[in-house]
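Participant: Quick one: the structure is below, and I'll ask about it shortly.
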Protein chains: 2
Amino acid sequence: MSHYDKNLDKNEANYVPLSPLSFLERTKNIYPNYEAIVYESRSYTWSEVYKRCVKFASALDKIGVKVGDTVSIMAFNTPEIFEAHYSIPMVGAVINAINTRLDPKTISYILEHSDAKVLIVDRQFHEVITKALSNVKSKVTIIDIDDKDANLPDAKKIGEHEYEQFLNTGDENYNWKKPQDEWQAISLGYTSGTTGNPKGVVCHHRGSYLMATGSATAWNMPNKLNFLYTVPMFHCNGWCYTWTMSMLHGRVICLRNIDVKKIFELIDKYDVTHFGGAPIVLNMIANAPKEHQKKLKRKVHVLTAGAPPPSIIFEKMQNLGFDVMHVYGLTETYGHILQCAWNDEWENLEQEKQNEIRARQGVIYPNLEGAVVMDPETMVPVTKDGKTMGEIMIRGNVVMKGYYKDKEATEKSMKGGWFHSGDLAVTYPNGYIKIQDRSKDIIISGGENISSIEIENTIAKHPAVSLAAVVAKPDEKWGETPCAFVELIDGKKATEEEIIKFCRETLAGFKLPKKVVFSSLPKTSTGKIQKFELRKKVKELN
Amino acid sequence: MSHYDKNLDKNEANYVPLSPLSFLERTKNIYPNYEAIVYESRSYTWSEVYKRCVKFASALDKIGVKVGDTVSIMAFNTPEIFEAHYSIPMVGAVINAINTRLDPKTISYILEHSDAKVLIVDRQFHEVITKALSNVKSKVTIIDIDDKDANLPDAKKIGEHEYEQFLNTGDENYNWKKPQDEWQAISLGYTSGTTGNPKGVVCHHRGSYLMATGSATAWNMPNKLNFLYTVPMFHCNGWCYTWTMSMLHGRVICLRNIDVKKIFELIDKYDVTHFGGAPIVLNMIANAPKEHQKKLKRKVHVLTAGAPPPSIIFEKMQNLGFDVMHVYGLTETYGHILQCAWNDEWENLEQEKQNEIRARQGVIYPNLEGAVVMDPETMVPVTKDGKTMGEIMIRGNVVMKGYYKDKEATEKSMKGGWFHSGDLAVTYPNGYIKIQDRSKDIIISGGENISSIEIENTIAKHPAVSLAAVVAKPDEKWGETPCAFVELIDGKKATEEEIIKFCRETLAGFKLPKKVVFSSLPKTSTGKIQKFELRKKVKELN
């Protein structure tokens with residue numbers, strides 16, 4: 001035993017469990033009067049946010065919420081859900097933010113499975129929640145969010161408490177709890193569950209702290225930035241920026257609904273420096289009607305994730321003055337863990353090549369330890385040739401604790417000491433990763449693997465196209481062939497022949513879509529295209 | 001037991017010990033060709049630095065250096081000591097950077113006490129090291145740094161290896177070791193030891209990682225900054241910027257000796273954005289001859305620490321275009337843990353008041369959990385009135401593991417769950433801390449406590465004064481009275497009467513120095529004035 005291991009143990013002075021709650025406490029002490037949140041007619045300073053969170057935590061404590069209890073919330077991006085990311089963990093409980101676009105049946109499942117003791121819910125969800133609760137056997141205390149700025153004249157009361165009144169039953173001197181262990185759960189987020197029931201992803205205080213520090217470095221975020229909260233806070237805790245913002249004493253600009261005109265207005269009014277959004281949101285911005293756009297006063301930094309963006313989006317956004325970085329992550333990894341970090345050496349490449357690079361998922365965040373594309377059978381890394389496919393395997397402190405009450409799925413997902421992402425990708429010689437497809441989205445035609453994303457990106461470059469999604473169409477001869485669903489830009493036109501001809505210019509023959517369908521595309525609440533819906537549709541085609 | 005604690009344990013996929021070594025590995029993968037270090041005629045990219053570190057680690061492994069061994073280094077701020085902060089931990093060993101201005105006797109003590117297996121040493125120290133080694137019984141392998149840019153025509157060989165040759169015995173594919181436990185020691189730094197033998201401060205991988213992330217936020221450091229390494233890397237591992245720089249892929253500009261003319265040249269040549277230095281260094285810059293100054297092309301951010309800076313320094317530096325932030329820390333806390341974080345609300349205050357605020361030590365770093373001024377007897381926090389004195393007590397993940405082979409001192413220093421800094425301070429109503437004195441630097445005159453620092457700051461405002469230090473002079477009537485030692489700016493003059501009269505304008509009568517001595521002041525290698533030398537002198541005065 002080395003002398004370095006003798007009498008040099010952890011004690012209260014030199015070891016404190018990491019928790020993002022520390023950031024809020026520090027920031028309200030140092031910058032008490034700086035604006036923390038603005039939303040429509042309301043704004044709160046860091047001192048006010050802190051006081052509101054402590055009071056809400058105290059109120060939860062008073063109704064019996066304890067360490068290890070689940071508190072669910074279903075809300076738009078209003079101050080309440082931001083605060084919930086502090087108040088709920090302050091009583092030692094776990095925040096379960098529910099996707100706002102879910103159906104009553106799934107919500108019932110989540111409320112039951114998560115063992116939710118409390119549900120904080122915006123009154124706009126009166127109907128869906130009433131239905132959902134009719135199938136929940138356990139007792140859930142409901143706290144309504146009554147958003148005066150939402151203009152919901154018919155918003156009905158759902159529960160026994162109203163957020164502001166409930167908050168005011170709390171004590172501002174409440175002795176809130178830091179976690180005893182940094183491995184303690186802080187959040188429970190349900191995956192969208194493309195097959196079967198959604199799975200509950202458990203994250204801890206340590207990981208949330210480290211996602212905050214890592215995000216700041218990865219995105220080169222300065223202190224006191226103006227952050228437009230376009231990303232739903234129910235999605236991976238808003239990519240953990242709910243916590244990053246208190247670390248950086250950034251100003252959070254809330255947005256109840258995605259509305260392009262409003263986005264441009266808020267950017268202008270609050271001097272927004274940073275925001276994030278799925279490619280679908282960027283697509284809306286890039287193709288916004290001229291009368292809804294406002295000229296940017298400064299460079300605005302944008303993160304995009306959630307689906308591989310067509311490279312043309314980067315060019316359109318850049319032309320408007322946005323600097324877009326593509327990132328990649330999963331609910332299981334606290335949000336983003338790969339970033340397409342830009343390298344000055346690429347500045348001299350042609351625009352087309354630059355766009356192609358920007359569409360890669362890239363390299364690891366500074367808070368991650370490893371993301372390697374491997375053969376999932378042998379766990380051997382694939383050759384870095386930009387061609388050989390494998391599955392992205394992930395390791396580090398921002399990988400979830402596991403799935404709630406699902407030992408089997410937890411063990412399966414982390415088999416071999418790596419988290420299995422389920423995403424198929426290649427690695428370029430410089431180490432940058434590019435997703436080719438979700439495992440099940442690969443189209444196998446005549447024995448050849450075809451990436452549906454490659455076809456989608458090609459089609460998206462067509463001047464009339466807004467969005468494209470490609471799925472496999474069963475085919476007697478080839479097994480499967482690519483079938484493209486295309487959403488056109490308002491007022492523009494294109495024919496099936498034109499799209500196929502356009503693809504032929506750059507794609508190999510076997511990769512060409514054999515069928516092109518023009519229609520609007522079904523999307524999830526987070527902007528991902530619901531390919532399973534398209535797969536249903538494709539079977540109905542002749 | 002909550003469901004959140006069942007079957008959700010740590011495993012290889014979701015838990016990896018924190019270590020700053022991860023930052024270097026990531027940065028060389030993403031930015032291999034970016035400049036990492038520049039020094040005189042040499043420069044290295046991140047890819048080269050990584051390769052050199054791995055080879056050096058391999059070479060250390062080959063000569064038998066093992067996990068938990070100590071490797072000492074005594075060097076100027078040249079690339080070798082930067083690399084050592086990675087290569088030594090890469091073999092699982094502990095870096096012990098030795099203060100370059102120590103005497104042979106103290107060096108002997110450190111080499112013996114630290115159990116050093118290897119000493120990497122610059123040839124300029126031939127004489128002092130030869131003397132030191134003559135009193136070391138254990139076998140220490142010596143690796144010479146032969147710095148061609150140092151112009152040391154008489155530099156003699158000390159050891160059996162030369163750095164570059166030794167490095168080249170290593171294997172660039174060496175499988176270097178990440179720590180098994182984030183609590184594993186990474187560094188051993190000896191305190192200057194004002195009384196008795198120096199104590200060895202043991203720091204770990206976790207704390208070094210968190211100091212890197214915390215520093216970036218505290219100082220609002222962007223990626224790819226240009227960092228002039230004026231702070232000695234032997235001092236708290238160069239305030240841990242040795243590791244912060246790889247996290248941010250910053251460019252490190254090395255500087256062998258403090259030379260004001262050179263500092264201005266390097267700032268100009270390399271577009272320096274950030275550097276740090278003791279007040280003595282800032283004093284040299286602020287008072288540099290006009291012909292040595294170069295006009296700054298941009299705002300340059302400067303940290304200062306090590307001794308409370310006279311407030312006039314801030315004003316002089318600001319006038320030259322430097323933005324100075326005052327920080328505070330100790331070897332025991334990985335360097336800085338308090339920062340005088342600026343608040344926009346103070347912009348309208350008078351310059352004098354602003355300077356006064358800037359001279360405070362301030363508030364906690366984001367990676368610290370607590371720093372509270374307490375009554376050391378009762379451990380009760382003092383009133384936040386800017387008057388009541390207590391001792392700064394510190395808690396968090398950037399507090400050392402403890403003192404090497406000194407259980408008693410470790411326990412004493414962390415008694416009551418807080419690290420006892422030994423610094424006496426007050427807390428202002430807004431929570432900002434200001435050091436009044438080191439415990440033993442208080443002057444007690446006629447039963448009144450007098451802060452020597454308050455007098456020093458007053459004298460430093462006199463236009464002819466460069467530096468001032470005040471110590472207690474034994475006095476039959478009053479017990480003690482303040483005695484000032486004053487260093488004048490070259491070419492300027494002042495008399496004892498003038499200085500006392502100048503103090504009388506702002507200081508209470510009992511705080512006036514009763515004696516003023518003009519002389520150059522004795523300083524430690526880190527720029528702290530050696531008050532114990534002045535205390536010896538004071539006894540010789542009539």
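Labels for the structure tokens follow display order: chains A, B, ..., residues from 1 in each chain, ligands from 1.
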Applying 9 Å and only C-alpha atoms, which residues near region 515-532 of chain A remain after dropping the ones on its own chain fewer than 2 positions away? List them as a PyMOL selection string.

Facilitator: chain A and resi 99-102+192+194+231-232+235+277-281+306-307+441+467-471+473+481-488+494-497+499-500+512-513+534-537

Participant: For a quick test of understanding: name the residues of chain A lying within 6 Å of chain B when counting only C-alpha atoms, and present them as a ChimeraX atom specification.

Facilitator: /A:2,7-8,12-16,68,220,222-223,395-397,399,401-402,407,417-419

Participant: For CA of Ile263 (chain A) and CA of His292 (chain A), quote the distance in Å rounded to one decimal.

Facilitator: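 Result for CA of Ile263 (chain A) versus CA of His292 (chain A): 9.3 Å, one decimal.
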
Participant: Using only C-alpha atoms, which residues sit within 12 Å of Lys290 (chain B) once same-chain residues fewer than 5 positions away are excluded, as a list in words?

Facilitator: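 So the residues in contact are Val260, Lys261, Phe264, Met284, Ile285, Lys295 and Leu320 of chain B.
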
Participant: Going by DSSP on the backbone, which residues of region 213-447 of chain B come out as alpha helix (DSSP H)? List them as number ranges by chain.

Facilitator: B: 213-218, 236-239, 241-247, 260-270, 279-286, 311-320, 351-358, 407-413

Participant: CA of Lys51 (chain B) and CA of Asn173 (chain B) are how many Å apart?

Facilitator: 8.6 Å

Participant: What's around region 347-356 of chain B at 9 Å? Count only C-alpha atoms, leave out sequence neighbours fewer than 2 positions away in its own chain, and write the answer as a ChimeraX atom specification.

Facilitator: /B:310-315,343-345,358-360

Participant: Could you save the residues just selected, with C-alpha atoms, as a PDB file, in the first residue's frame?

Facilitator:
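File written: part.pdb
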ATOM      1  CA  PRO B 310      -3.042  46.906  -3.261  1.00  0.00           C
ATOM      2  CA  SER B 311      -6.139  48.337  -4.912  1.00  0.00           C
ATOM      3  CA  ILE B 312      -4.085  50.879  -6.878  1.00  0.00           C
ATOM      4  CA  ILE B 313      -2.692  47.997  -8.946  1.00  0.00           C
ATOM      5  CA  PHE B 314      -6.139  47.367 -10.416  1.00  0.00           C
ATOM      6  CA  GLU B 315      -6.411  50.931 -11.582  1.00  0.00           C
ATOM      7  CA  ASN B 343     -21.228  42.547 -10.748  1.00  0.00           C
ATOM      8  CA  ASP B 344     -22.558  44.986 -13.338  1.00  0.00           C
ATOM      9  CA  GLU B 345     -24.312  46.905 -10.577  1.00  0.00           C
ATOM     10  CA  ARG B 358     -11.674  44.424  -6.600  1.00  0.00           C
ATOM     11  CA  ALA B 359      -9.217  43.940  -3.780  1.00  0.00           C
ATOM     12  CA  ARG B 360     -11.647  41.596  -2.000  1.00  0.00           C
TER      13      ARG B 360
END

Participant: Run DSSP on the backbone of this structure and report the residues of region 329-497 of chain B it assigns to strand (DSSP E), as an MDAnalysis selection string.

Facilitator: chainID B and resid 329:330 335:339 363:364 368:374 390:396 402:403 419:427 433:438 443:445 448:450 465:475 479:488

Participant: To one decimal place in Å, what is the distance between CA of Asp323 (chain A) and CA of Cys503 (chain A)?

Facilitator: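 Interatomic distance, CA of Asp323 (chain A) to CA of Cys503 (chain A): 28.0 Å.
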
Participant: I'd like the neighbourhood of Gln165 (chain A) as a list in words, where a residue qualifies if any of its atoms comes within 10 Å (using only C-alpha atoms), though same-chain residues fewer than 4 positions away should be ignored.

Facilitator: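 Counting only C-alpha atoms, the residues come to Phe56, Ala59, Ile143, Asp144, His161, Thr169 and Gly170 of chain A.
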
Participant: Need to verify the contact set: Met90 (chain A), 10 Å, only C-alpha atoms, exclusion of same-chain residues closer than 4 positions in sequence. Can you return it as a list of chain:residue names?

Facilitator: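 In the requested format, the answer is A:Leu21, A:Cys53, A:Val54, A:Phe56, A:Ala57, A:Ser58, A:Leu60, A:Asp61, A:Val67, A:Ala84, A:His85, A:Tyr86, A:Val94, A:Tyr174, A:Asn175, A:Trp176, A:Lys177, A:Lys178, A:Pro179, A:Ile186.
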
Participant: Produce a file of the selected residues containing N, CA and C atoms, as a compact mmCIF listing (two decimals), in the first residue's frame.

Facilitator:
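The file below, again.txt, is the result:
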# COMPACT_ATOMS: atom_id res chain seq x y z
N LEU A 21 -27.54 21.30 -8.05
CA LEU A 21 -28.22 22.21 -7.14
C LEU A 21 -27.24 23.24 -6.58
N CYS A 53 -38.01 28.22 -5.65
CA CYS A 53 -37.70 26.78 -5.64
C CYS A 53 -37.67 26.24 -4.20
N VAL A 54 -37.07 27.00 -3.30
CA VAL A 54 -36.99 26.54 -1.91
C VAL A 54 -38.40 26.44 -1.32
N PHE A 56 -41.20 25.99 -2.97
CA PHE A 56 -41.93 24.88 -3.60
C PHE A 56 -41.45 23.54 -3.01
N ALA A 57 -40.14 23.42 -2.80
CA ALA A 57 -39.59 22.21 -2.19
C ALA A 57 -40.19 22.01 -0.80
N SER A 58 -40.25 23.09 -0.05
CA SER A 58 -40.82 23.02 1.29
C SER A 58 -42.28 22.58 1.24
N LEU A 60 -43.68 20.77 -1.08
CA LEU A 60 -43.71 19.34 -1.41
C LEU A 60 -43.43 18.51 -0.15
N ASP A 61 -42.44 18.95 0.62
CA ASP A 61 -42.10 18.26 1.86
C ASP A 61 -43.32 18.21 2.78
N VAL A 67 -37.42 11.68 0.04
CA VAL A 67 -36.27 11.27 -0.76
C VAL A 67 -36.62 9.99 -1.52
N ALA A 84 -38.95 23.42 -11.46
CA ALA A 84 -39.13 22.04 -11.00
C ALA A 84 -37.83 21.24 -11.04
N HIS A 85 -36.91 21.65 -11.94
CA HIS A 85 -35.64 20.95 -12.03
C HIS A 85 -34.76 21.19 -10.79
N TYR A 86 -35.14 22.18 -10.00
CA TYR A 86 -34.43 22.43 -8.73
C TYR A 86 -35.30 22.04 -7.54
N VAL A 94 -37.38 12.88 -7.31
CA VAL A 94 -36.91 12.68 -8.68
C VAL A 94 -37.90 13.32 -9.64
N TYR A 174 -36.75 27.00 4.37
CA TYR A 174 -36.70 25.52 4.38
C TYR A 174 -35.27 25.02 4.19
N ASN A 175 -34.90 24.07 4.99
CA ASN A 175 -33.55 23.51 4.93
C ASN A 175 -33.52 22.39 3.88
N TRP A 176 -33.37 22.78 2.63
CA TRP A 176 -33.45 21.80 1.55
C TRP A 176 -32.25 20.85 1.57
N LYS A 177 -32.41 19.73 0.87
CA LYS A 177 -31.45 18.64 0.98
C LYS A 177 -30.55 18.51 -0.24
N LYS A 178 -29.24 18.54 0.02
CA LYS A 178 -28.32 18.13 -1.05
C LYS A 178 -28.26 16.61 -1.02
N PRO A 179 -27.92 15.98 -2.14
CA PRO A 179 -27.92 14.52 -2.12
C PRO A 179 -26.86 13.97 -1.17
N ILE A 186 -31.78 11.90 -9.90
CA ILE A 186 -32.31 13.28 -9.99
C ILE A 186 -33.48 13.34 -10.96

Participant: Can you list, as a list in words, every protein, DNA or RNA residue that comes within 8 Å of Leu330 (chain B) when you count only C-alpha atoms, leaving out same-chain residues fewer than 5 positions away?

Facilitator: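 Contacts, with the query itself left out: Cys236, Gly335, His336 and Ser421 of chain B.
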
Participant: Those same residues - C-alpha atoms - I'd like them written as a PDB file, in the first residue's frame.

Facilitator:
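Written out: result-v8.pdb:
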ATOM      1  CA  CYS B 236      -0.357  24.336  -7.293  1.00  0.00           C
ATOM      2  CA  GLY B 335      -5.048  26.858  -6.230  1.00  0.00           C
ATOM      3  CA  HIS B 336      -7.838  29.395  -6.527  1.00  0.00           C
ATOM      4  CA  SER B 421      -7.164  28.110   5.861  1.00  0.00           C
TER       5      SER B 421
END

Participant: Using only C-alpha atoms, which of B:Ile107, B:Pro474, B:Ser208, B:Tyr334 sits nearest Glu540 (chain B)?

Facilitator: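 Of B:Ile107, B:Pro474, B:Ser208, B:Tyr334, the one nearest Glu540 (chain B), counting only C-alpha atoms, is B:Pro474.
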